[in-house]
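Contents: one structure, followed by commentary.
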Amino acid sequence: MFLTLGTDLSGVGAPASDFGFLLHKNPARPQAIDVTGGSAHVFYPEATDERCTAAVMLEIDPIGLVKAGRGKATEGFTLGQYVNDRPYAASSLLAVALGKLFRTAMNGRCDARPELAARAIPLDVHVPALPCSGGTDLAQRLFGPLGWTVDARPVPLDPELPAWGDSRYVDLRLSGVLRLADALKHLYVMLPVLDDAKHYWVGSDEVDKLVRAGEGWLAAHPDKDLISRRYLAHRRYLTDAALERLVEVDGLALPEEPSEEEGIARPQEGSVSLAVERRTTVAGVLRELGARRIADIGCGEGALVAELLKDPMIGELIATDVSARALISAKRRLHYDDLPDRQRDRLSFLQSSVTYADDRLAGLDAVVLMEVIEHVDPPRLPALAHSIFHVARPTAVVMTTPNSEYNVRFPTLPAGIYRHPDHRFEWTRSEFGTWCQQTANRYGYQVEFRPVGSDDPTVGPPTQLAIFTRPAVEPRDVNPGEVAR
């Protein structure tokens, strides 16, 4: 596994050999460190006043990697744990090695040449064998917006047998004028993203790594959704958390919802993202209703819960999700263990499914289903309605879901493709209205509809919202079970 990073500093009035100061590695002395399953070496094929190139060579022992417990779970006890491309192709192993070898340089520190560390300098990078799930076009899409000139060429399966075609590897060359710290962060993030694999378990701590490495550039990248999703091993709740934190760090608007489709562009919704507008709208509806005991069903990373905690009038807040990991991440996001006692007493977490009856949620003032129903298989919708409107039977239910008519406002979203691959359906305004009205009639509720986001005169708003409320006095001779029948 091999990578070179070179520069010519004549344009900034410094000898190229100063590159060694920036990398904190002496060109005259090769260095090595131990990494999981092997060792990483740094040496300089050239180090003159005109040109300086640092090379990173990563030697991986597949057997040592397996013994260290870093083998892929999908490989099980097969020969694939030992016979694979890891010793030869750039991957997350190389990204981890770069982070260890050049940690100080990646942080932008150089006490010997601080002015040089802060400047953009000419750089070129060569990765001879890079697994690229998406081919040369994806390499261009990911590195091009960051200021790199990209030369990505497919590596043939066998140069002597061109009929066999190309392999999944590319020979990647990058050139550009960037700060060294930024260049190293780009590589640290993009190597595993292009490979679309990691050699270790991905947990919530990886969100912290991505946010640190992506600060200042990832939130503005047109493919930030794809990058975050791949870096976090396609774990949706981690991806959502990373995107929200990038918004907080860089102050940029979050797209309406993380796109799982590569290359799908989202229209601008103004200075406030639709995700934020949706949360604030739901919170405002709950205040109008005077709800004091509320459950957020399908809370995910707890974005809405965080918004509702700001309201001191809410006395009880229940965050539920079918995923235990999502609840753990929500606790971390909310800093639950550090909350004052009064705040912790207001908040509880429950693992629960929206399609199963759960008596713990019965009798609340309000239940929220924000961007949840579209993730439920249509045959399970009657079970959802029964568990929410009959078993839990809150005073009010607040529900949001995408308006499929608005999808035509996404220029590159192919016809018939949902906004998110986990969506089981997306309703038009008419379909949503019909389902809500039938459900309200069946369970003895009234329903009101509101738009969320800019209300297009032709296709309506991007998000549609329904507010179900029970009459203050229900008929004595008809119980909810009879209404349901």
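Residue numbers start at 1 in each chain; chains themselves are named A, B, ... in the order of the structure tokens; ligands are numbered from 1 in the order shown.
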Considering only C-alpha atoms, tabulate each residue of range 302-416 of chain A that lies at most 9 Å from range 280-297 of chain A along with its nearest interatomic pair and the corresponding distance in Å to one decimal; arrange the rows by chain and ascending residue number and present them as CSV.
```
residue,atom,partner,partner_atom,distance
A:Gly302,CA,A:Asp296,CA,8.7
A:Leu304,CA,A:Asp296,CA,7.7
A:Val305,CA,A:Asp296,CA,7.1
A:Glu307,CA,A:Ala283,CA,7.2
A:Leu308,CA,A:Ala283,CA,6.4
A:Asp311,CA,A:Arg287,CA,8.7
A:Met313,CA,A:Arg292,CA,6.5
A:Ile314,CA,A:Arg292,CA,4.4
A:Gly315,CA,A:Arg292,CA,5.3
A:Glu316,CA,A:Arg293,CA,4.6
A:Leu317,CA,A:Ile294,CA,5.0
A:Ile318,CA,A:Ala295,CA,4.5
A:Ala319,CA,A:Asp296,CA,5.1
A:Thr320,CA,A:Ile297,CA,4.9
A:Asp321,CA,A:Ile297,CA,6.1
A:Val322,CA,A:Ile297,CA,8.9
A:Ser352,CA,A:Ile297,CA,8.2
A:Ser353,CA,A:Ile297,CA,8.3
A:Val354,CA,A:Ile297,CA,6.9
A:Leu361,CA,A:Ala295,CA,7.3
A:Gly363,CA,A:Arg293,CA,8.9
A:Leu364,CA,A:Arg293,CA,5.4
A:Asp365,CA,A:Arg293,CA,5.1
A:Ala366,CA,A:Ile294,CA,4.9
A:Val367,CA,A:Ala295,CA,4.8
A:Val368,CA,A:Asp296,CA,4.9
A:Leu369,CA,A:Ile297,CA,5.6
A:Met370,CA,A:Ile297,CA,7.8
A:Val372,CA,A:Ile297,CA,8.0
A:Pro394,CA,A:Ile294,CA,8.9
A:Thr395,CA,A:Ala291,CA,8.6
A:Ala396,CA,A:Leu289,CA,7.9
A:Val398,CA,A:Val282,CA,7.3
A:Met399,CA,A:Val282,CA,8.6
A:Thr400,CA,A:Val282,CA,8.5
```
Quick one: write out the picked residues with N, CA and C atoms as a CSV table (one decimal), in the first residue's frame?
```csv
chain,number,residue,atom,x,y,z
A,302,GLY,N,-32.5,12.4,18.0
A,302,GLY,CA,-33.0,13.3,19.1
A,302,GLY,C,-33.1,14.8,18.7
A,304,LEU,N,-35.5,16.6,17.3
A,304,LEU,CA,-36.7,17.2,17.8
A,304,LEU,C,-36.8,17.3,19.3
A,305,VAL,N,-36.3,16.2,19.9
A,305,VAL,CA,-36.3,16.2,21.4
A,305,VAL,C,-35.5,17.4,21.9
A,307,GLU,N,-35.0,20.2,20.5
A,307,GLU,CA,-35.8,21.4,20.3
A,307,GLU,C,-36.9,21.5,21.4
A,308,LEU,N,-37.6,20.4,21.7
A,308,LEU,CA,-38.7,20.5,22.7
A,308,LEU,C,-38.2,20.7,24.1
A,311,ASP,N,-38.4,24.1,25.8
A,311,ASP,CA,-39.7,24.6,26.3
A,311,ASP,C,-39.9,24.2,27.7
A,313,MET,N,-42.4,24.6,29.6
A,313,MET,CA,-43.7,24.2,29.9
A,313,MET,C,-44.0,22.7,29.6
A,314,ILE,N,-43.1,22.0,28.9
A,314,ILE,CA,-43.3,20.6,28.7
A,314,ILE,C,-42.8,19.9,30.0
A,315,GLY,N,-43.7,19.1,30.6
A,315,GLY,CA,-43.4,18.4,31.8
A,315,GLY,C,-42.9,17.0,31.7
A,316,GLU,N,-43.2,16.3,30.6
A,316,GLU,CA,-42.8,15.0,30.3
A,316,GLU,C,-42.5,14.8,28.9
A,317,LEU,N,-41.4,14.3,28.5
A,317,LEU,CA,-41.0,14.1,27.1
A,317,LEU,C,-40.4,12.7,27.0
A,318,ILE,N,-41.0,11.9,26.1
A,318,ILE,CA,-40.6,10.5,25.9
A,318,ILE,C,-40.0,10.4,24.5
A,319,ALA,N,-38.8,9.9,24.4
A,319,ALA,CA,-38.1,9.7,23.1
A,319,ALA,C,-38.2,8.2,22.9
A,320,THR,N,-38.8,7.8,21.8
A,320,THR,CA,-38.8,6.4,21.4
A,320,THR,C,-38.2,6.1,20.1
A,321,ASP,N,-37.7,4.9,19.9
A,321,ASP,CA,-37.2,4.5,18.6
A,321,ASP,C,-37.0,3.0,18.7
A,322,VAL,N,-37.2,2.4,17.5
A,322,VAL,CA,-37.0,0.9,17.4
A,322,VAL,C,-35.6,0.5,17.5
A,352,SER,N,-39.2,1.1,21.3
A,352,SER,CA,-40.5,0.7,21.0
A,352,SER,C,-40.7,0.9,19.5
A,353,SER,N,-41.6,0.0,19.0
A,353,SER,CA,-41.9,0.1,17.5
A,353,SER,C,-43.2,0.7,17.3
A,354,VAL,N,-43.3,1.5,16.3
A,354,VAL,CA,-44.6,2.3,16.0
A,354,VAL,C,-45.7,1.4,15.6
A,361,LEU,N,-47.1,4.2,26.4
A,361,LEU,CA,-47.3,5.5,25.7
A,361,LEU,C,-48.8,5.9,25.7
A,363,GLY,N,-52.3,7.6,26.9
A,363,GLY,CA,-52.9,8.7,27.7
A,363,GLY,C,-52.0,10.0,27.7
A,364,LEU,N,-51.2,10.2,26.7
A,364,LEU,CA,-50.4,11.4,26.6
A,364,LEU,C,-51.1,12.6,26.0
A,365,ASP,N,-50.6,13.8,26.1
A,365,ASP,CA,-51.2,14.9,25.5
A,365,ASP,C,-51.0,14.9,24.0
A,366,ALA,N,-49.8,14.5,23.6
A,366,ALA,CA,-49.5,14.5,22.1
A,366,ALA,C,-48.5,13.4,21.8
A,367,VAL,N,-48.6,12.8,20.6
A,367,VAL,CA,-47.6,11.9,20.0
A,367,VAL,C,-47.2,12.5,18.7
A,368,VAL,N,-45.9,12.5,18.4
A,368,VAL,CA,-45.3,13.1,17.2
A,368,VAL,C,-44.8,11.9,16.3
A,369,LEU,N,-45.1,11.9,15.1
A,369,LEU,CA,-44.6,11.0,14.1
A,369,LEU,C,-44.0,11.9,13.0
A,370,MET,N,-42.8,12.4,13.2
A,370,MET,CA,-42.1,13.3,12.2
A,370,MET,C,-41.3,12.5,11.2
A,372,VAL,N,-41.8,9.7,9.8
A,372,VAL,CA,-41.7,8.3,10.2
A,372,VAL,C,-42.6,7.4,9.4
A,394,PRO,N,-53.5,9.3,22.3
A,394,PRO,CA,-53.3,10.6,22.9
A,394,PRO,C,-54.3,11.7,22.5
A,395,THR,N,-54.3,12.8,23.2
A,395,THR,CA,-55.2,13.9,22.9
A,395,THR,C,-55.0,14.4,21.5
A,396,ALA,N,-53.7,14.4,21.0
A,396,ALA,CA,-53.4,14.9,19.7
A,396,ALA,C,-52.3,14.1,19.1
A,398,VAL,N,-49.4,14.6,15.9
A,398,VAL,CA,-48.8,15.5,14.9
A,398,VAL,C,-48.0,14.6,14.0
A,399,MET,N,-48.2,14.7,12.7
A,399,MET,CA,-47.6,13.8,11.8
A,399,MET,C,-47.1,14.6,10.6
A,400,THR,N,-45.8,14.3,10.1
A,400,THR,CA,-45.3,14.9,8.9
A,400,THR,C,-44.8,13.8,8.0
```
List as an MDAnalysis selection string the protein and nucleic acid residues near Gly453 in chain A, meaning an atom at most 8 Å away when only C-alpha atoms are counted, but skip any in the same chain fewer than 6 places from it. chainID A and resid 269 274 277:278 461:463
DSSP strand (DSSP E) residues within range 358-393 of chain A, listed as an MDAnalysis selection string: chainID A and resid 366:370
Could you take the residues named above and write them with C-alpha atoms, as a PDB file, in the first residue's frame?
```pdb
ATOM      1  CA  ALA A 366     -49.493  14.467  22.131  1.00  0.00           C
ATOM      2  CA  VAL A 367     -47.628  11.921  20.030  1.00  0.00           C
ATOM      3  CA  VAL A 368     -45.315  13.065  17.203  1.00  0.00           C
ATOM      4  CA  LEU A 369     -44.567  11.044  14.070  1.00  0.00           C
ATOM      5  CA  MET A 370     -42.129  13.302  12.221  1.00  0.00           C
TER       6      MET A 370
END
```
Write out as a list in words which residues come within 8 Å of range 117-124 of chain A when counting only C-alpha atoms, dropping same-chain ones fewer than 3 positions away. Leu5, Gly6, Thr7, Asp8, Leu9, Val12, Leu22, Gly108, Arg109, Cys110, Arg113, Pro114, Arg173, Leu174, Ser175, Gly176, Val177, Leu178, Arg179, Leu180 and Ala181 of chain A
Can I get the selected residues back with N, CA and C atoms, as a tab-separated table (two decimals), in the first residue's frame?
```tsv
chain	number	residue	atom	x	y	z
A	5	LEU	N	3.28	12.15	-1.54
A	5	LEU	CA	2.80	13.51	-1.37
A	5	LEU	C	3.99	14.44	-1.60
A	6	GLY	N	3.90	15.24	-2.68
A	6	GLY	CA	5.05	16.06	-3.04
A	6	GLY	C	4.70	17.53	-3.19
A	7	THR	N	5.77	18.37	-3.24
A	7	THR	CA	5.57	19.82	-3.38
A	7	THR	C	6.78	20.47	-4.00
A	8	ASP	N	6.53	21.64	-4.55
A	8	ASP	CA	7.56	22.55	-5.03
A	8	ASP	C	7.24	23.89	-4.40
A	9	LEU	N	8.04	24.33	-3.46
A	9	LEU	CA	7.73	25.53	-2.68
A	9	LEU	C	8.34	26.79	-3.25
A	12	VAL	N	6.34	30.01	-3.14
A	12	VAL	CA	6.07	30.68	-1.87
A	12	VAL	C	7.36	31.12	-1.20
A	22	LEU	N	6.90	20.75	7.77
A	22	LEU	CA	5.44	20.74	7.79
A	22	LEU	C	4.90	19.36	8.17
A	108	GLY	N	-2.72	21.31	11.46
A	108	GLY	CA	-2.28	22.62	10.98
A	108	GLY	C	-1.20	23.26	11.81
A	109	ARG	N	-0.49	22.48	12.62
A	109	ARG	CA	0.54	23.02	13.51
A	109	ARG	C	1.93	22.78	12.95
A	110	CYS	N	2.75	23.80	13.01
A	110	CYS	CA	4.17	23.66	12.68
A	110	CYS	C	4.91	24.80	13.37
A	113	ARG	N	7.78	26.36	11.20
A	113	ARG	CA	7.40	27.15	10.02
A	113	ARG	C	5.90	27.49	10.10
A	114	PRO	N	5.46	28.24	11.11
A	114	PRO	CA	4.02	28.48	11.27
A	114	PRO	C	3.40	29.22	10.10
A	173	ARG	N	-4.15	10.56	-9.31
A	173	ARG	CA	-3.19	11.66	-9.14
A	173	ARG	C	-3.98	12.94	-8.90
A	174	LEU	N	-3.59	13.66	-7.86
A	174	LEU	CA	-4.23	14.92	-7.50
A	174	LEU	C	-3.18	16.02	-7.51
A	175	SER	N	-3.55	17.18	-7.98
A	175	SER	CA	-2.66	18.34	-7.90
A	175	SER	C	-3.50	19.56	-7.58
A	176	GLY	N	-2.94	20.46	-6.78
A	176	GLY	CA	-3.67	21.65	-6.40
A	176	GLY	C	-2.85	22.51	-5.46
A	177	VAL	N	-3.37	23.69	-5.15
A	177	VAL	CA	-2.73	24.61	-4.21
A	177	VAL	C	-3.63	24.70	-2.99
A	178	LEU	N	-3.22	24.02	-1.92
A	178	LEU	CA	-4.03	23.92	-0.71
A	178	LEU	C	-3.13	23.94	0.51
A	179	ARG	N	-3.72	24.20	1.65
A	179	ARG	CA	-2.98	24.01	2.90
A	179	ARG	C	-2.71	22.53	3.08
A	180	LEU	N	-1.55	22.20	3.60
A	180	LEU	CA	-1.22	20.80	3.81
A	180	LEU	C	-2.22	20.14	4.75
A	181	ALA	N	-2.64	20.84	5.81
A	181	ALA	CA	-3.59	20.27	6.75
A	181	ALA	C	-4.88	19.88	6.05
```
Name the closest residue to Leu327 in chain A among the candidates A:Asp34, A:Glu301, A:Asp377, A:Asp85; distances are taken between atoms, counting only C-alpha atoms.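 Among the listed residues, A:Glu301 lies closest to Leu327 in chain A.
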With DSSP run on the backbone, what are the helix (DSSP H, G or I) residues within range 192-243 of chain A? I'd like them as a PyMOL selection string. chain A and resi 192-195+205-214+224-231+236-243
Taking only C-alpha atoms into account, which of A:Leu246, A:Ala233, A:Leu191, A:Ala440 comes nearest Leu218 in chain A? A:Leu246
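The two atoms in question, CA of Leu210 in chain A and CA of Phe410 in chain A, are spaced 27.2 Å apart.
Comparing the minimum interatomic distances between Tyr443 in chain A and each of A:Phe468, A:Trp217, A:Trp201, A:Phe425, counting only C-alpha atoms, we find that A:Phe468 sits nearest.
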Identify, on the basis of only C-alpha atoms, every residue whose closest approach to Ala357 in chain A does not exceed 8 Å; exclude the query and any residue fewer than 4 positions from it along the same chain; express the result as a VMD selection string. chain A and resid 386 to 388 391 to 392
So that I have them on file, write out the residues from the current selection with C-alpha atoms, as an mmCIF file, in the first residue's frame.
```cif
data_model
loop_
_atom_site.group_PDB
_atom_site.id
_atom_site.type_symbol
_atom_site.label_atom_id
_atom_site.label_comp_id
_atom_site.auth_asym_id
_atom_site.auth_seq_id
_atom_site.Cartn_x
_atom_site.Cartn_y
_atom_site.Cartn_z
ATOM 1 C CA HIS A 386 -54.139 0.868 15.817
ATOM 2 C CA SER A 387 -51.122 1.292 18.103
ATOM 3 C CA ILE A 388 -51.178 5.091 17.944
ATOM 4 C CA VAL A 391 -53.854 1.870 22.189
ATOM 5 C CA ALA A 392 -51.838 5.044 22.918
#
```
Please report the interatomic distance between CA of Arg409 in chain A and CA of Arg424 in chain A in Å with one decimal.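 Going from CA of Arg409 in chain A over to CA of Arg424 in chain A covers 20.5 Å.
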Report, in Å to a single decimal, how far apart CA of Ala129 in chain A and CA of Pro222 in chain A are. 25.5 Å
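Nearest residue to Phe449 in chain A, choosing from A:Ser133, A:Asn407, A:Asn107, A:Thr401 and counting only C-alpha atoms: A:Thr401.
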Which neighbours of Asn403 in chain A fall inside 6 Å, counting only C-alpha atoms, when residues of the same chain fewer than 2 positions from it are skipped, and could you give them as a list in words? Glu405, Tyr406, Trp427, Thr428, Pro462, Thr463 and Gln464 of chain A
With only C-alpha atoms as the atoms that count, which of A:Gln446, A:Thr434, A:Ser404, A:Thr104 lies nearest to Val459 in chain A? A:Ser404
Contacts of Phe143 in chain A within 12 Å, only C-alpha atoms, excl. fewer than 4 positions in-chain, as a PyMOL selection string: chain A and resi 125+136-139+147-152+172-176+182-183+185-187+189-191+193-194+217-218+221-224+227
Using only C-alpha atoms: which of A:Thr355, A:Ser228, A:Ser92, A:Ser348 has the shortest distance to Leu130 in chain A: A:Ser92
